[in-house]
>>> print(open('data26.txt').read())   # compact mmCIF, N, CA and C atoms
# COMPACT_ATOMS: atom_id res chain seq x y z
N MET S 1 24.03 -34.78 39.56
CA MET S 1 23.92 -36.14 40.03
C MET S 1 22.48 -36.65 39.90
N CYS S 2 21.52 -35.83 40.29
CA CYS S 2 20.11 -36.23 40.24
C CYS S 2 19.65 -36.46 38.81
N SER S 3 20.07 -35.61 37.88
CA SER S 3 19.66 -35.79 36.48
C SER S 3 20.29 -37.04 35.89
N ASN S 4 21.51 -37.39 36.33
CA ASN S 4 22.16 -38.61 35.87
C ASN S 4 21.37 -39.83 36.33
N ILE S 5 20.90 -39.82 37.57
CA ILE S 5 20.11 -40.94 38.08
C ILE S 5 18.79 -41.03 37.31
N ASN S 6 18.16 -39.90 37.06
CA ASN S 6 16.90 -39.90 36.32
C ASN S 6 17.09 -40.41 34.89
N ASN S 7 18.21 -40.03 34.24
CA ASN S 7 18.50 -40.52 32.89
C ASN S 7 18.73 -42.02 32.90
N ASN S 8 19.49 -42.51 33.89
CA ASN S 8 19.72 -43.95 33.99
C ASN S 8 18.42 -44.70 34.23
N ASN S 9 17.58 -44.13 35.08
CA ASN S 9 16.30 -44.75 35.37
C ASN S 9 15.42 -44.79 34.12
N LEU S 10 15.39 -43.71 33.37
CA LEU S 10 14.61 -43.65 32.14
C LEU S 10 15.16 -44.63 31.11
N ASN S 11 16.48 -44.68 30.96
CA ASN S 11 17.09 -45.63 30.03
C ASN S 11 16.78 -47.06 30.42
N SER S 12 16.81 -47.35 31.71
CA SER S 12 16.50 -48.70 32.19
C SER S 12 15.06 -49.07 31.87
N LYS S 13 14.15 -48.15 32.09
CA LYS S 13 12.74 -48.42 31.79
C LYS S 13 12.53 -48.64 30.29
N LEU S 14 13.18 -47.82 29.48
CA LEU S 14 13.05 -47.97 28.03
C LEU S 14 13.60 -49.31 27.56
N LEU S 15 14.76 -49.69 28.09
CA LEU S 15 15.35 -50.98 27.70
C LEU S 15 14.46 -52.13 28.13
N LEU S 16 13.89 -52.04 29.31
CA LEU S 16 12.98 -53.08 29.78
C LEU S 16 11.76 -53.19 28.86
N ILE S 17 11.20 -52.06 28.48
CA ILE S 17 10.04 -52.06 27.57
C ILE S 17 10.42 -52.65 26.22
N VAL S 18 11.58 -52.27 25.70
CA VAL S 18 12.03 -52.79 24.40
C VAL S 18 12.24 -54.30 24.46
N LEU S 19 12.87 -54.79 25.53
CA LEU S 19 13.08 -56.24 25.66
C LEU S 19 11.75 -56.99 25.74
N ASN S 20 10.80 -56.45 26.47
CA ASN S 20 9.49 -57.09 26.54
C ASN S 20 8.78 -57.07 25.19
N LEU S 21 8.89 -55.96 24.48
CA LEU S 21 8.27 -55.88 23.16
C LEU S 21 8.90 -56.87 22.18
N ILE S 22 10.21 -57.06 22.30
CA ILE S 22 10.89 -58.03 21.43
C ILE S 22 10.38 -59.43 21.71
N SER S 23 10.24 -59.79 22.99
CA SER S 23 9.75 -61.14 23.30
C SER S 23 8.30 -61.33 22.85
N VAL S 24 7.48 -60.30 23.00
CA VAL S 24 6.10 -60.38 22.51
C VAL S 24 6.08 -60.51 20.99
N ALA S 25 6.95 -59.76 20.31
CA ALA S 25 7.02 -59.84 18.85
C ALA S 25 7.45 -61.22 18.39
N ILE S 26 8.43 -61.80 19.07
CA ILE S 26 8.88 -63.16 18.71
C ILE S 26 7.71 -64.13 18.82
N TYR S 27 6.95 -64.02 19.89
CA TYR S 27 5.81 -64.91 20.08
C TYR S 27 4.75 -64.69 19.00
N LYS S 28 4.42 -63.42 18.74
CA LYS S 28 3.38 -63.13 17.76
C LYS S 28 3.79 -63.54 16.34
N ILE S 29 5.06 -63.34 16.00
CA ILE S 29 5.55 -63.74 14.68
C ILE S 29 5.42 -65.25 14.51
N ASN S 30 5.61 -65.97 15.59
CA ASN S 30 5.56 -67.44 15.54
C ASN S 30 4.23 -68.00 16.02
N GLN S 31 3.20 -67.20 16.01
CA GLN S 31 1.88 -67.64 16.46
C GLN S 31 1.39 -68.86 15.68
N ARG S 32 1.61 -68.87 14.38
CA ARG S 32 1.21 -70.03 13.56
C ARG S 32 1.95 -71.29 14.00
N ASN S 33 3.24 -71.12 14.31
CA ASN S 33 4.02 -72.28 14.74
C ASN S 33 3.50 -72.85 16.05
N ILE S 34 3.21 -71.99 17.03
CA ILE S 34 2.72 -72.49 18.31
C ILE S 34 1.35 -73.11 18.15
N ASN S 35 0.52 -72.53 17.29
CA ASN S 35 -0.80 -73.12 17.04
C ASN S 35 -0.66 -74.49 16.39
N LYS S 36 0.29 -74.63 15.47
CA LYS S 36 0.53 -75.92 14.81
C LYS S 36 1.05 -76.94 15.82
N ILE S 37 1.97 -76.52 16.69
CA ILE S 37 2.50 -77.42 17.71
C ILE S 37 1.36 -77.90 18.62
N ILE S 38 0.52 -76.98 19.06
CA ILE S 38 -0.59 -77.34 19.95
C ILE S 38 -1.56 -78.27 19.23
N GLU S 39 -1.83 -77.98 17.96
CA GLU S 39 -2.74 -78.82 17.18
C GLU S 39 -2.19 -80.24 17.05
N LEU S 40 -0.93 -80.37 16.68
CA LEU S 40 -0.31 -81.69 16.54
C LEU S 40 -0.26 -82.41 17.88
N TYR S 41 0.05 -81.67 18.92
CA TYR S 41 0.17 -82.22 20.27
C TYR S 41 -1.17 -82.78 20.76
N THR S 42 -2.24 -82.01 20.57
CA THR S 42 -3.56 -82.48 21.02
C THR S 42 -4.09 -83.60 20.13
N GLU S 43 -3.78 -83.55 18.83
CA GLU S 43 -4.20 -84.64 17.93
C GLU S 43 -3.54 -85.95 18.32
N ALA S 44 -2.31 -85.86 18.85
CA ALA S 44 -1.61 -87.06 19.29
C ALA S 44 -2.16 -87.57 20.62
N GLY S 45 -3.05 -86.80 21.25
CA GLY S 45 -3.67 -87.22 22.50
C GLY S 45 -2.75 -87.15 23.70
N LEU S 46 -1.77 -86.26 23.65
CA LEU S 46 -0.80 -86.16 24.74
C LEU S 46 -1.31 -85.25 25.85
N TYR S 47 -0.81 -85.48 27.05
CA TYR S 47 -1.24 -84.74 28.23
C TYR S 47 -0.70 -83.32 28.19
N MET S 48 -1.59 -82.36 28.45
CA MET S 48 -1.20 -80.95 28.48
C MET S 48 -1.61 -80.36 29.82
N LEU S 49 -0.70 -79.62 30.45
CA LEU S 49 -1.00 -79.00 31.73
C LEU S 49 -2.17 -78.02 31.60
N ALA S 50 -2.93 -77.88 32.67
CA ALA S 50 -4.09 -76.99 32.66
C ALA S 50 -3.69 -75.55 32.37
N GLY S 51 -2.55 -75.11 32.92
CA GLY S 51 -2.08 -73.74 32.68
C GLY S 51 -1.76 -73.49 31.22
N ALA S 52 -1.19 -74.49 30.55
CA ALA S 52 -0.87 -74.35 29.13
C ALA S 52 -2.14 -74.40 28.29
N LYS S 53 -3.09 -75.27 28.69
CA LYS S 53 -4.37 -75.33 27.96
C LYS S 53 -5.08 -73.99 28.03
N MET S 54 -5.17 -73.46 29.24
CA MET S 54 -5.87 -72.20 29.43
C MET S 54 -5.08 -71.06 28.78
N GLY S 55 -3.76 -71.11 28.88
CA GLY S 55 -2.92 -70.07 28.34
C GLY S 55 -3.04 -69.89 26.85
N ARG S 56 -3.32 -70.96 26.16
CA ARG S 56 -3.43 -70.84 24.70
C ARG S 56 -4.64 -70.02 24.30
N PHE S 57 -5.66 -69.96 25.15
CA PHE S 57 -6.86 -69.18 24.84
C PHE S 57 -6.78 -67.74 25.34
N LEU S 58 -5.83 -67.46 26.22
CA LEU S 58 -5.71 -66.11 26.77
C LEU S 58 -4.75 -65.24 25.97
N GLY S 59 -4.13 -65.80 24.94
CA GLY S 59 -3.28 -65.02 24.04
C GLY S 59 -2.04 -64.47 24.70
N ILE S 60 -1.77 -63.21 24.43
CA ILE S 60 -0.53 -62.56 24.83
C ILE S 60 -0.36 -62.50 26.35
N TYR S 61 -1.47 -62.51 27.08
CA TYR S 61 -1.40 -62.36 28.53
C TYR S 61 -0.81 -63.58 29.23
N SER S 62 -0.89 -64.71 28.60
CA SER S 62 -0.35 -65.91 29.23
C SER S 62 0.53 -66.71 28.27
N GLN S 63 1.14 -66.01 27.33
CA GLN S 63 1.99 -66.69 26.36
C GLN S 63 3.16 -67.39 27.01
N TYR S 64 3.62 -66.87 28.14
CA TYR S 64 4.78 -67.45 28.81
C TYR S 64 4.50 -68.88 29.28
N GLN S 65 3.29 -69.15 29.80
CA GLN S 65 2.97 -70.49 30.29
C GLN S 65 3.02 -71.51 29.16
N VAL S 66 2.47 -71.14 28.02
CA VAL S 66 2.46 -72.06 26.88
C VAL S 66 3.89 -72.31 26.39
N ALA S 67 4.65 -71.24 26.22
CA ALA S 67 6.03 -71.37 25.74
C ALA S 67 6.88 -72.15 26.74
N MET S 68 6.68 -71.89 28.03
CA MET S 68 7.45 -72.58 29.06
C MET S 68 7.15 -74.08 29.07
N PHE S 69 5.88 -74.42 28.89
CA PHE S 69 5.48 -75.83 28.85
C PHE S 69 6.23 -76.57 27.75
N PHE S 70 6.25 -76.00 26.55
CA PHE S 70 6.93 -76.67 25.44
C PHE S 70 8.45 -76.54 25.54
N TYR S 71 8.94 -75.45 26.10
CA TYR S 71 10.39 -75.28 26.29
C TYR S 71 10.93 -76.36 27.22
N MET S 72 10.22 -76.62 28.31
CA MET S 72 10.68 -77.63 29.26
C MET S 72 10.70 -79.01 28.62
N GLN S 73 9.76 -79.28 27.74
CA GLN S 73 9.77 -80.56 27.04
C GLN S 73 10.89 -80.62 26.01
N LEU S 74 11.13 -79.51 25.33
CA LEU S 74 12.21 -79.47 24.35
C LEU S 74 13.57 -79.74 24.99
N THR S 75 13.76 -79.16 26.17
CA THR S 75 15.06 -79.29 26.84
C THR S 75 15.13 -80.51 27.75
N GLY S 76 14.03 -81.25 27.87
CA GLY S 76 14.04 -82.48 28.65
C GLY S 76 13.91 -82.27 30.16
N LYS S 77 13.49 -81.10 30.59
CA LYS S 77 13.32 -80.85 32.02
C LYS S 77 12.04 -81.54 32.50
N ARG S 78 12.11 -82.13 33.67
CA ARG S 78 10.98 -82.87 34.21
C ARG S 78 9.86 -81.91 34.63
N ILE S 79 8.66 -82.24 34.22
CA ILE S 79 7.49 -81.43 34.55
C ILE S 79 6.60 -82.27 35.48
N ARG S 80 6.32 -81.73 36.64
CA ARG S 80 5.45 -82.43 37.59
C ARG S 80 3.99 -82.31 37.13
N ILE S 81 3.28 -83.43 37.23
CA ILE S 81 1.86 -83.44 36.91
C ILE S 81 1.11 -84.09 38.06
N ASN S 82 -0.18 -84.00 38.02
CA ASN S 82 -1.00 -84.51 39.11
C ASN S 82 -1.90 -85.63 38.60
N GLU S 83 -1.31 -86.69 38.12
CA GLU S 83 -2.07 -87.82 37.61
C GLU S 83 -1.83 -89.03 38.51
N LYS S 84 -2.79 -89.94 38.54
CA LYS S 84 -2.69 -91.11 39.42
C LYS S 84 -1.55 -92.04 39.03
N ASP S 85 -1.31 -92.17 37.73
CA ASP S 85 -0.31 -93.14 37.28
C ASP S 85 1.09 -92.56 37.09
N SER S 86 1.27 -91.26 37.32
CA SER S 86 2.60 -90.67 37.14
C SER S 86 2.71 -89.36 37.90
N LYS S 87 3.91 -89.11 38.43
CA LYS S 87 4.18 -87.83 39.09
C LYS S 87 4.77 -86.82 38.11
N TYR S 88 5.28 -87.33 36.99
CA TYR S 88 5.95 -86.47 36.02
C TYR S 88 5.33 -86.66 34.64
N MET S 89 5.56 -85.68 33.78
CA MET S 89 5.06 -85.71 32.41
C MET S 89 5.52 -87.00 31.74
N TYR S 90 4.66 -87.56 30.93
CA TYR S 90 4.94 -88.82 30.26
C TYR S 90 6.04 -88.65 29.21
N GLN S 91 6.86 -89.67 29.07
CA GLN S 91 8.01 -89.62 28.16
C GLN S 91 7.57 -89.42 26.70
N GLU S 92 6.40 -89.92 26.34
CA GLU S 92 5.90 -89.75 24.97
C GLU S 92 5.78 -88.27 24.59
N SER S 93 5.40 -87.45 25.56
CA SER S 93 5.27 -86.02 25.30
C SER S 93 6.62 -85.40 24.96
N TYR S 94 7.64 -85.77 25.74
CA TYR S 94 8.99 -85.25 25.48
C TYR S 94 9.47 -85.69 24.10
N ASN S 95 9.29 -86.97 23.81
CA ASN S 95 9.73 -87.50 22.52
C ASN S 95 9.02 -86.79 21.37
N PHE S 96 7.73 -86.58 21.52
CA PHE S 96 6.95 -85.94 20.46
C PHE S 96 7.47 -84.54 20.16
N ILE S 97 7.63 -83.72 21.19
CA ILE S 97 8.08 -82.33 21.00
C ILE S 97 9.51 -82.30 20.46
N GLN S 98 10.37 -83.16 21.00
CA GLN S 98 11.77 -83.15 20.57
C GLN S 98 11.95 -83.65 19.15
N ASN S 99 10.99 -84.40 18.63
CA ASN S 99 11.08 -84.92 17.27
C ASN S 99 10.37 -84.04 16.23
N LEU S 100 9.76 -82.95 16.68
CA LEU S 100 9.16 -82.02 15.72
C LEU S 100 10.26 -81.31 14.94
N PRO S 101 9.99 -80.85 13.72
CA PRO S 101 11.01 -80.13 12.96
C PRO S 101 11.43 -78.85 13.69
N SER S 102 12.71 -78.52 13.58
CA SER S 102 13.22 -77.35 14.31
C SER S 102 12.60 -76.05 13.80
N ARG S 103 12.10 -76.03 12.58
CA ARG S 103 11.45 -74.81 12.07
C ARG S 103 10.21 -74.48 12.90
N LEU S 104 9.62 -75.49 13.54
CA LEU S 104 8.46 -75.26 14.41
C LEU S 104 8.85 -74.90 15.84
N THR S 105 10.00 -75.40 16.30
CA THR S 105 10.31 -75.28 17.72
C THR S 105 11.49 -74.39 18.08
N HIS S 106 12.36 -74.08 17.15
CA HIS S 106 13.58 -73.34 17.49
C HIS S 106 13.29 -71.97 18.10
N TRP S 107 12.26 -71.31 17.65
CA TRP S 107 11.93 -69.97 18.14
C TRP S 107 11.58 -69.98 19.63
N ILE S 108 11.10 -71.12 20.16
CA ILE S 108 10.72 -71.19 21.57
C ILE S 108 11.93 -70.93 22.45
N LYS S 109 13.08 -71.47 22.08
CA LYS S 109 14.30 -71.23 22.86
C LYS S 109 14.70 -69.76 22.81
N ILE S 110 14.59 -69.15 21.65
CA ILE S 110 14.93 -67.73 21.51
C ILE S 110 13.97 -66.87 22.33
N TYR S 111 12.68 -67.20 22.26
CA TYR S 111 11.68 -66.47 23.04
C TYR S 111 11.98 -66.59 24.53
N PHE S 112 12.26 -67.80 24.97
CA PHE S 112 12.51 -68.05 26.39
C PHE S 112 13.73 -67.27 26.88
N ILE S 113 14.79 -67.26 26.09
CA ILE S 113 16.00 -66.52 26.46
C ILE S 113 15.71 -65.02 26.52
N THR S 114 15.03 -64.49 25.52
CA THR S 114 14.70 -63.06 25.50
C THR S 114 13.82 -62.67 26.67
N PHE S 115 12.82 -63.48 26.95
CA PHE S 115 11.91 -63.19 28.06
C PHE S 115 12.65 -63.22 29.39
N ASN S 116 13.53 -64.20 29.57
CA ASN S 116 14.27 -64.29 30.83
C ASN S 116 15.29 -63.18 30.98
N ILE S 117 15.89 -62.74 29.89
CA ILE S 117 16.81 -61.59 29.98
C ILE S 117 16.04 -60.36 30.42
N SER S 118 14.84 -60.16 29.86
CA SER S 118 14.07 -58.99 30.27
C SER S 118 13.63 -59.11 31.73
N GLY S 119 13.30 -60.31 32.18
CA GLY S 119 12.95 -60.51 33.59
C GLY S 119 14.12 -60.26 34.52
N ALA S 120 15.29 -60.78 34.15
CA ALA S 120 16.49 -60.54 34.96
C ALA S 120 16.83 -59.06 34.98
N PHE S 121 16.70 -58.42 33.84
CA PHE S 121 16.97 -56.98 33.78
C PHE S 121 16.00 -56.21 34.66
N PHE S 122 14.74 -56.63 34.70
CA PHE S 122 13.75 -55.99 35.56
C PHE S 122 14.18 -56.07 37.03
N PHE S 123 14.60 -57.26 37.46
CA PHE S 123 15.00 -57.41 38.86
C PHE S 123 16.27 -56.63 39.18
N ILE S 124 17.21 -56.59 38.26
CA ILE S 124 18.43 -55.80 38.47
C ILE S 124 18.08 -54.31 38.56
N THR S 125 17.20 -53.86 37.67
CA THR S 125 16.78 -52.45 37.69
C THR S 125 16.07 -52.12 39.00
N MET S 126 15.18 -53.00 39.44
CA MET S 126 14.47 -52.75 40.70
C MET S 126 15.42 -52.74 41.88
N LYS S 127 16.38 -53.65 41.89
CA LYS S 127 17.34 -53.71 42.98
C LYS S 127 18.17 -52.43 43.03
N SER S 128 18.65 -51.98 41.88
CA SER S 128 19.46 -50.76 41.86
C SER S 128 18.62 -49.54 42.23
N PHE S 129 17.36 -49.50 41.78
CA PHE S 129 16.47 -48.39 42.14
C PHE S 129 16.22 -48.37 43.65
N LEU S 130 15.91 -49.52 44.22
CA LEU S 130 15.65 -49.57 45.66
C LEU S 130 16.91 -49.26 46.46
N PHE S 131 18.05 -49.72 45.97
CA PHE S 131 19.31 -49.43 46.66
C PHE S 131 19.58 -47.93 46.67
N ARG S 132 19.39 -47.27 45.52
CA ARG S 132 19.60 -45.82 45.45
C ARG S 132 18.58 -45.07 46.29
N GLU S 133 17.36 -45.55 46.28
CA GLU S 133 16.27 -44.86 46.98
C GLU S 133 16.39 -44.96 48.50
N TYR S 134 16.83 -46.10 48.99
CA TYR S 134 16.82 -46.33 50.44
C TYR S 134 18.20 -46.45 51.06
N SER S 135 19.23 -46.05 50.36
CA SER S 135 20.57 -46.10 50.96
C SER S 135 21.03 -44.73 51.39
>>> encode(input="data26.txt", output="structure tokens")
Amino acid sequence: MCSNINNNNLNSKLLLIVLNLISVAIYKINQRNINKIIELYTEAGLYMLAGAKMGRFLGIYSQYQVAMFFYMQLTGKRIRINEKDSKYMYQESYNFIQNLPSRLTHWIKIYFITFNISGAFFFITMKSFLFREYS
């Protein structure tokens, strides 16, 4: 019984690592695309959240913030901002991102899904580990 639990725990950790590596690989493969999106976005003079601005310079460590910023615009989810003239991201930003060619933006949805699956898997693994450990 104990070796079965240890094998399941090891398999869970390996799967979690593999899922995270896949999401990192998706981001790194599309690094040129995200750089192009950011370049076009800033050239258009559109508002960018401070976390996304800073995240673009921190590379892999904060790739999620940058991808999440553009994912929310792609899907039309409202983003709260702290500007005097608006509580939410300006509509021009949404229109700009949604009108970019899909070859530049499609990978963001795949990255977001992969990253969230690995996050959900992490929480499920932790819950099952804690349940086994403390029950």
>>> atom_distance(input="data26.txt", atom1="atom N of Gln65 (chain S)", atom2="CA of Tyr27 (chain S)")
10.9 Å
>>> residues_around(input="data26.txt", residues="region 83-97 of chain S", least_positions_apart="4", cutoff="7 Å", atoms="only N, CA and C atoms", output="MDAnalysis selection string")
chainID S and resid 46:47 73:74 76 78:79 101
>>> select_by_dssp(input="data26.txt", residues="region 46-115 of chain S", states="alpha helix (DSSP H)", output="compact mmCIF listing (two decimals) with N, CA and C atoms, in the frame of the given file")
# COMPACT_ATOMS: atom_id res chain seq x y z
N ALA S 50 -2.93 -77.88 32.67
CA ALA S 50 -4.09 -76.99 32.66
C ALA S 50 -3.69 -75.55 32.37
N GLY S 51 -2.55 -75.11 32.92
CA GLY S 51 -2.08 -73.74 32.68
C GLY S 51 -1.76 -73.49 31.22
N ALA S 52 -1.19 -74.49 30.55
CA ALA S 52 -0.87 -74.35 29.13
C ALA S 52 -2.14 -74.40 28.29
N LYS S 53 -3.09 -75.27 28.69
CA LYS S 53 -4.37 -75.33 27.96
C LYS S 53 -5.08 -73.99 28.03
N MET S 54 -5.17 -73.46 29.24
CA MET S 54 -5.87 -72.20 29.43
C MET S 54 -5.08 -71.06 28.78
N GLY S 55 -3.76 -71.11 28.88
CA GLY S 55 -2.92 -70.07 28.34
C GLY S 55 -3.04 -69.89 26.85
N ARG S 56 -3.32 -70.96 26.16
CA ARG S 56 -3.43 -70.84 24.70
C ARG S 56 -4.64 -70.02 24.30
N PHE S 57 -5.66 -69.96 25.15
CA PHE S 57 -6.86 -69.18 24.84
C PHE S 57 -6.78 -67.74 25.34
N LEU S 58 -5.83 -67.46 26.22
CA LEU S 58 -5.71 -66.11 26.77
C LEU S 58 -4.75 -65.24 25.97
N GLN S 63 1.14 -66.01 27.33
CA GLN S 63 1.99 -66.69 26.36
C GLN S 63 3.16 -67.39 27.01
N TYR S 64 3.62 -66.87 28.14
CA TYR S 64 4.78 -67.45 28.81
C TYR S 64 4.50 -68.88 29.28
N GLN S 65 3.29 -69.15 29.80
CA GLN S 65 2.97 -70.49 30.29
C GLN S 65 3.02 -71.51 29.16
N VAL S 66 2.47 -71.14 28.02
CA VAL S 66 2.46 -72.06 26.88
C VAL S 66 3.89 -72.31 26.39
N ALA S 67 4.65 -71.24 26.22
CA ALA S 67 6.03 -71.37 25.74
C ALA S 67 6.88 -72.15 26.74
N MET S 68 6.68 -71.89 28.03
CA MET S 68 7.45 -72.58 29.06
C MET S 68 7.15 -74.08 29.07
N PHE S 69 5.88 -74.42 28.89
CA PHE S 69 5.48 -75.83 28.85
C PHE S 69 6.23 -76.57 27.75
N PHE S 70 6.25 -76.00 26.55
CA PHE S 70 6.93 -76.67 25.44
C PHE S 70 8.45 -76.54 25.54
N TYR S 71 8.94 -75.45 26.10
CA TYR S 71 10.39 -75.28 26.29
C TYR S 71 10.93 -76.36 27.22
N MET S 72 10.22 -76.62 28.31
CA MET S 72 10.68 -77.63 29.26
C MET S 72 10.70 -79.01 28.62
N GLN S 73 9.76 -79.28 27.74
CA GLN S 73 9.77 -80.56 27.04
C GLN S 73 10.89 -80.62 26.01
N LEU S 74 11.13 -79.51 25.33
CA LEU S 74 12.21 -79.47 24.35
C LEU S 74 13.57 -79.74 24.99
N THR S 75 13.76 -79.16 26.17
CA THR S 75 15.06 -79.29 26.84
C THR S 75 15.13 -80.51 27.75
N GLN S 91 6.86 -89.67 29.07
CA GLN S 91 8.01 -89.62 28.16
C GLN S 91 7.57 -89.42 26.70
N GLU S 92 6.40 -89.92 26.34
CA GLU S 92 5.90 -89.75 24.97
C GLU S 92 5.78 -88.27 24.59
N SER S 93 5.40 -87.45 25.56
CA SER S 93 5.27 -86.02 25.30
C SER S 93 6.62 -85.40 24.96
N TYR S 94 7.64 -85.77 25.74
CA TYR S 94 8.99 -85.25 25.48
C TYR S 94 9.47 -85.69 24.10
N ASN S 95 9.29 -86.97 23.81
CA ASN S 95 9.73 -87.50 22.52
C ASN S 95 9.02 -86.79 21.37
N PHE S 96 7.73 -86.58 21.52
CA PHE S 96 6.95 -85.94 20.46
C PHE S 96 7.47 -84.54 20.16
N ILE S 97 7.63 -83.72 21.19
CA ILE S 97 8.08 -82.33 21.00
C ILE S 97 9.51 -82.30 20.46
N GLN S 98 10.37 -83.16 21.00
CA GLN S 98 11.77 -83.15 20.57
C GLN S 98 11.95 -83.65 19.15
N SER S 102 12.71 -78.52 13.58
CA SER S 102 13.22 -77.35 14.31
C SER S 102 12.60 -76.05 13.80
N ARG S 103 12.10 -76.03 12.58
CA ARG S 103 11.45 -74.81 12.07
C ARG S 103 10.21 -74.48 12.90
N LEU S 104 9.62 -75.49 13.54
CA LEU S 104 8.46 -75.26 14.41
C LEU S 104 8.85 -74.90 15.84
N THR S 105 10.00 -75.40 16.30
CA THR S 105 10.31 -75.28 17.72
C THR S 105 11.49 -74.39 18.08
N HIS S 106 12.36 -74.08 17.15
CA HIS S 106 13.58 -73.34 17.49
C HIS S 106 13.29 -71.97 18.10
N TRP S 107 12.26 -71.31 17.65
CA TRP S 107 11.93 -69.97 18.14
C TRP S 107 11.58 -69.98 19.63
N ILE S 108 11.10 -71.12 20.16
CA ILE S 108 10.72 -71.19 21.57
C ILE S 108 11.93 -70.93 22.45
N LYS S 109 13.08 -71.47 22.08
CA LYS S 109 14.30 -71.23 22.86
C LYS S 109 14.70 -69.76 22.81
N ILE S 110 14.59 -69.15 21.65
CA ILE S 110 14.93 -67.73 21.51
C ILE S 110 13.97 -66.87 22.33
N TYR S 111 12.68 -67.20 22.26
CA TYR S 111 11.68 -66.47 23.04
C TYR S 111 11.98 -66.59 24.53
N PHE S 112 12.26 -67.80 24.97
CA PHE S 112 12.51 -68.05 26.39
C PHE S 112 13.73 -67.27 26.88
N ILE S 113 14.79 -67.26 26.09
CA ILE S 113 16.00 -66.52 26.46
C ILE S 113 15.71 -65.02 26.52
N THR S 114 15.03 -64.49 25.52
CA THR S 114 14.70 -63.06 25.50
C THR S 114 13.82 -62.67 26.67
N PHE S 115 12.82 -63.48 26.95
CA PHE S 115 11.91 -63.19 28.06
C PHE S 115 12.65 -63.22 29.39
>>> closest_residue(input="data26.txt", among="S:Ile124, S:Ile38, S:Leu19, S:Ala25", to="Phe70 (chain S)", atoms="only C-alpha atoms")
S:Ile38
>>> atom_distance(input="data26.txt", atom1="CA of Thr114 (chain S)", atom2="CA of Ile81 (chain S)")
26.7 Å
>>> closest_residue(input="data26.txt", among="S:Ala52, S:Ile29, S:Leu130, S:Met72", to="Phe112 (chain S)", atoms="only C-alpha atoms")
S:Met72
>>> atom_distance(input="data26.txt", atom1="atom N of Asn82 (chain S)", atom2="atom C of Leu49 (chain S)")
9.0 Å
>>> residues_around(input="data26.txt", residues="Phe121 (chain S)", least_positions_apart="6", cutoff="9 Å", atoms="only C-alpha atoms", output="PDB file with N, CA and C atoms, in the frame of the given file")
ATOM      1  N   SER S  12      16.810 -47.350  31.710  1.00  0.00           N
ATOM      2  CA  SER S  12      16.500 -48.700  32.190  1.00  0.00           C
ATOM      3  C   SER S  12      15.060 -49.070  31.870  1.00  0.00           C
ATOM      4  N   LEU S  15      14.760 -49.690  28.090  1.00  0.00           N
ATOM      5  CA  LEU S  15      15.350 -50.980  27.700  1.00  0.00           C
ATOM      6  C   LEU S  15      14.460 -52.130  28.130  1.00  0.00           C
ATOM      7  N   LEU S  16      13.890 -52.040  29.310  1.00  0.00           N
ATOM      8  CA  LEU S  16      12.980 -53.080  29.780  1.00  0.00           C
ATOM      9  C   LEU S  16      11.760 -53.190  28.860  1.00  0.00           C
TER      10      LEU S  16
END
>>> select_by_dssp(input="data26.txt", residues="region 1-121 of chain S", states="strand (DSSP E)", output="PDB file with N, CA and C atoms, in the frame of the given file")
ATOM      1  N   ARG S  80       6.320 -81.730  36.640  1.00  0.00           N
ATOM      2  CA  ARG S  80       5.450 -82.430  37.590  1.00  0.00           C
ATOM      3  C   ARG S  80       3.990 -82.310  37.130  1.00  0.00           C
ATOM      4  N   ILE S  81       3.280 -83.430  37.230  1.00  0.00           N
ATOM      5  CA  ILE S  81       1.860 -83.440  36.910  1.00  0.00           C
ATOM      6  C   ILE S  81       1.110 -84.090  38.060  1.00  0.00           C
ATOM      7  N   ASN S  82      -0.180 -84.000  38.020  1.00  0.00           N
ATOM      8  CA  ASN S  82      -1.000 -84.510  39.110  1.00  0.00           C
ATOM      9  C   ASN S  82      -1.900 -85.630  38.600  1.00  0.00           C
ATOM     10  N   GLU S  83      -1.310 -86.690  38.120  1.00  0.00           N
ATOM     11  CA  GLU S  83      -2.070 -87.820  37.610  1.00  0.00           C
ATOM     12  C   GLU S  83      -1.830 -89.030  38.510  1.00  0.00           C
ATOM     13  N   SER S  86       1.270 -91.260  37.320  1.00  0.00           N
ATOM     14  CA  SER S  86       2.600 -90.670  37.140  1.00  0.00           C
ATOM     15  C   SER S  86       2.710 -89.360  37.900  1.00  0.00           C
ATOM     16  N   LYS S  87       3.910 -89.110  38.430  1.00  0.00           N
ATOM     17  CA  LYS S  87       4.180 -87.830  39.090  1.00  0.00           C
ATOM     18  C   LYS S  87       4.770 -86.820  38.110  1.00  0.00           C
ATOM     19  N   TYR S  88       5.280 -87.330  36.990  1.00  0.00           N
ATOM     20  CA  TYR S  88       5.950 -86.470  36.020  1.00  0.00           C
ATOM     21  C   TYR S  88       5.330 -86.660  34.640  1.00  0.00           C
TER      22      TYR S  88
END
